[in-house]
Amino acid sequence: MQTYSDTLIKSILRSVKTIAMVGASGNSIRPSYFAMMYLLNKGYKIIPVNPAWRARRFLGQKVYASLKDVPAPVDMVDIFRDAQYAPQIVQEALAEKDRLGFKTIWMQLGVVSPEAEKLAQSAGLTVIMDRCPKIEHGRFSGELGWMGINRKVH
């Protein structure tokens, strides 16, 4: 697991309002669906990005085929795809960086790509890898602890 300070994670989760979730799925048994549902319920605006689901809606949100189709502004790009796709997704994101305005690339649990990290950091972006914003939000809001215990951490 990558190491990031709690201060960094908290600051990202507090400043982000709109997340483009690349790889979001309308299949209710997929982890991305549950993460999206949780984050929506916590007040985040989630923009699902998935070409297989384009022009459809799930959880009340319109799905976009690619980041180039996503309306601005976006605060964070959340990569919910296998690590092998992360560099390509970061390159696509960087092509839209000025238009969308995001400052953070977040890669989900199990998604570790030094190549994608280097691309994003070279463009001045903050990068988080191998973490889930749903889990981190729950941990800091006191809803969940790493061991399943409510530690009431704020």
# chains A, B, ... in the order shown; residues from 1 in each chain; ligands from 1
>>> select_by_dssp(residues="segment 53-103 of chain A", states="alpha helix (DSSP H)", output="number ranges by chain")
A: 86-100
>>> write_last_selection(atoms="N, CA, C and O atoms", output="PDB file, in the first residue's frame")
ATOM      1  N   ALA A  86      -3.972   2.852 -16.598  1.00  0.00           N
ATOM      2  CA  ALA A  86      -3.793   4.131 -15.910  1.00  0.00           C
ATOM      3  C   ALA A  86      -2.957   5.145 -16.706  1.00  0.00           C
ATOM      4  O   ALA A  86      -3.358   6.315 -16.795  1.00  0.00           O
ATOM      5  N   PRO A  87      -1.822   4.762 -17.305  1.00  0.00           N
ATOM      6  CA  PRO A  87      -1.070   5.765 -18.073  1.00  0.00           C
ATOM      7  C   PRO A  87      -1.883   6.378 -19.220  1.00  0.00           C
ATOM      8  O   PRO A  87      -1.857   7.600 -19.411  1.00  0.00           O
ATOM      9  N   GLN A  88      -2.620   5.566 -19.924  1.00  0.00           N
ATOM     10  CA  GLN A  88      -3.445   6.070 -21.030  1.00  0.00           C
ATOM     11  C   GLN A  88      -4.539   7.005 -20.502  1.00  0.00           C
ATOM     12  O   GLN A  88      -4.804   8.059 -21.077  1.00  0.00           O
ATOM     13  N   ILE A  89      -5.153   6.635 -19.398  1.00  0.00           N
ATOM     14  CA  ILE A  89      -6.202   7.480 -18.809  1.00  0.00           C
ATOM     15  C   ILE A  89      -5.611   8.803 -18.349  1.00  0.00           C
ATOM     16  O   ILE A  89      -6.205   9.871 -18.562  1.00  0.00           O
ATOM     17  N   VAL A  90      -4.437   8.771 -17.743  1.00  0.00           N
ATOM     18  CA  VAL A  90      -3.790  10.012 -17.310  1.00  0.00           C
ATOM     19  C   VAL A  90      -3.463  10.877 -18.520  1.00  0.00           C
ATOM     20  O   VAL A  90      -3.674  12.099 -18.494  1.00  0.00           O
ATOM     21  N   GLN A  91      -2.985  10.281 -19.604  1.00  0.00           N
ATOM     22  CA  GLN A  91      -2.706  11.062 -20.819  1.00  0.00           C
ATOM     23  C   GLN A  91      -3.981  11.716 -21.350  1.00  0.00           C
ATOM     24  O   GLN A  91      -3.971  12.893 -21.734  1.00  0.00           O
ATOM     25  N   GLU A  92      -5.086  10.970 -21.361  1.00  0.00           N
ATOM     26  CA  GLU A  92      -6.372  11.536 -21.784  1.00  0.00           C
ATOM     27  C   GLU A  92      -6.798  12.659 -20.844  1.00  0.00           C
ATOM     28  O   GLU A  92      -7.305  13.694 -21.285  1.00  0.00           O
ATOM     29  N   ALA A  93      -6.590  12.459 -19.551  1.00  0.00           N
ATOM     30  CA  ALA A  93      -6.942  13.485 -18.568  1.00  0.00           C
ATOM     31  C   ALA A  93      -6.102  14.744 -18.767  1.00  0.00           C
ATOM     32  O   ALA A  93      -6.630  15.864 -18.729  1.00  0.00           O
ATOM     33  N   LEU A  94      -4.818  14.564 -19.011  1.00  0.00           N
ATOM     34  CA  LEU A  94      -3.940  15.720 -19.190  1.00  0.00           C
ATOM     35  C   LEU A  94      -4.346  16.553 -20.401  1.00  0.00           C
ATOM     36  O   LEU A  94      -4.205  17.782 -20.393  1.00  0.00           O
ATOM     37  N   ALA A  95      -4.873  15.911 -21.433  1.00  0.00           N
ATOM     38  CA  ALA A  95      -5.347  16.643 -22.613  1.00  0.00           C
ATOM     39  C   ALA A  95      -6.538  17.543 -22.275  1.00  0.00           C
ATOM     40  O   ALA A  95      -6.801  18.518 -22.974  1.00  0.00           O
ATOM     41  N   GLU A  96      -7.241  17.219 -21.181  1.00  0.00           N
ATOM     42  CA  GLU A  96      -8.428  17.988 -20.762  1.00  0.00           C
ATOM     43  C   GLU A  96      -8.192  18.790 -19.483  1.00  0.00           C
ATOM     44  O   GLU A  96      -9.118  19.444 -18.975  1.00  0.00           O
ATOM     45  N   LYS A  97      -6.971  18.753 -18.963  1.00  0.00           N
ATOM     46  CA  LYS A  97      -6.668  19.356 -17.659  1.00  0.00           C
ATOM     47  C   LYS A  97      -7.044  20.832 -17.580  1.00  0.00           C
ATOM     48  O   LYS A  97      -7.700  21.262 -16.625  1.00  0.00           O
ATOM     49  N   ASP A  98      -6.650  21.629 -18.549  1.00  0.00           N
ATOM     50  CA  ASP A  98      -6.936  23.062 -18.493  1.00  0.00           C
ATOM     51  C   ASP A  98      -8.429  23.340 -18.582  1.00  0.00           C
ATOM     52  O   ASP A  98      -8.948  24.199 -17.873  1.00  0.00           O
ATOM     53  N   ARG A  99      -9.126  22.604 -19.410  1.00  0.00           N
ATOM     54  CA  ARG A  99     -10.569  22.802 -19.567  1.00  0.00           C
ATOM     55  C   ARG A  99     -11.328  22.368 -18.323  1.00  0.00           C
ATOM     56  O   ARG A  99     -12.220  23.066 -17.848  1.00  0.00           O
ATOM     57  N   LEU A 100     -10.968  21.206 -17.777  1.00  0.00           N
ATOM     58  CA  LEU A 100     -11.690  20.665 -16.628  1.00  0.00           C
ATOM     59  C   LEU A 100     -11.251  21.289 -15.298  1.00  0.00           C
ATOM     60  O   LEU A 100     -12.051  21.437 -14.390  1.00  0.00           O
TER      61      LEU A 100
END
>>> residues_around(residues="Met36 of chain A", least_positions_apart="5", cutoff="12 Å", atoms="only C-alpha atoms", output="MDAnalysis selection string")
chainID A and resid 18:31 41:49 58:61 78 80 132:135
>>> select_by_dssp(residues="chain A", states="strand (DSSP E or B)", output="PyMOL selection string")
chain A and resi 18-22+45-49+57-58+61-62+64+76-79+104-107+126-128
>>> closest_residue(among="A:Lys62, A:Val16, A:Leu67, A:Arg131", to="Ala35 of chain A", atoms="only C-alpha atoms")
A:Arg131
>>> closest_residue(among="A:Ser141, A:Ser113, A:Ser66, A:Ser15", to="Gln2 of chain A", atoms="only C-alpha atoms")
A:Ser113
>>> atom_distance(atom1="atom CA of Met107 of chain A", atom2="atom CA of His137 of chain A")
14.9 Å
>>> atom_distance(atom1="atom CA of Tyr4 of chain A", atom2="atom CA of Val112 of chain A")
13.6 Å
>>> atom_distance(atom1="atom CA of Leu119 of chain A", atom2="atom CA of Met76 of chain A")
15.4 Å
>>> residues_around(residues="Ala55 of chain A", least_positions_apart="6", cutoff="9 Å", atoms="only C-alpha atoms", output="PyMOL selection string")
chain A and resi 62-65
>>> write_last_selection(atoms="C-alpha atoms", output="mmCIF file, in the first residue's frame")
data_model
loop_
_atom_site.group_PDB
_atom_site.id
_atom_site.type_symbol
_atom_site.label_atom_id
_atom_site.label_comp_id
_atom_site.auth_asym_id
_atom_site.auth_seq_id
_atom_site.Cartn_x
_atom_site.Cartn_y
_atom_site.Cartn_z
ATOM 1 C CA LYS A 62 -25.473 10.813 -17.052
ATOM 2 C CA VAL A 63 -22.609 8.594 -18.209
ATOM 3 C CA TYR A 64 -19.969 9.993 -20.576
ATOM 4 C CA ALA A 65 -17.887 7.991 -23.039
#
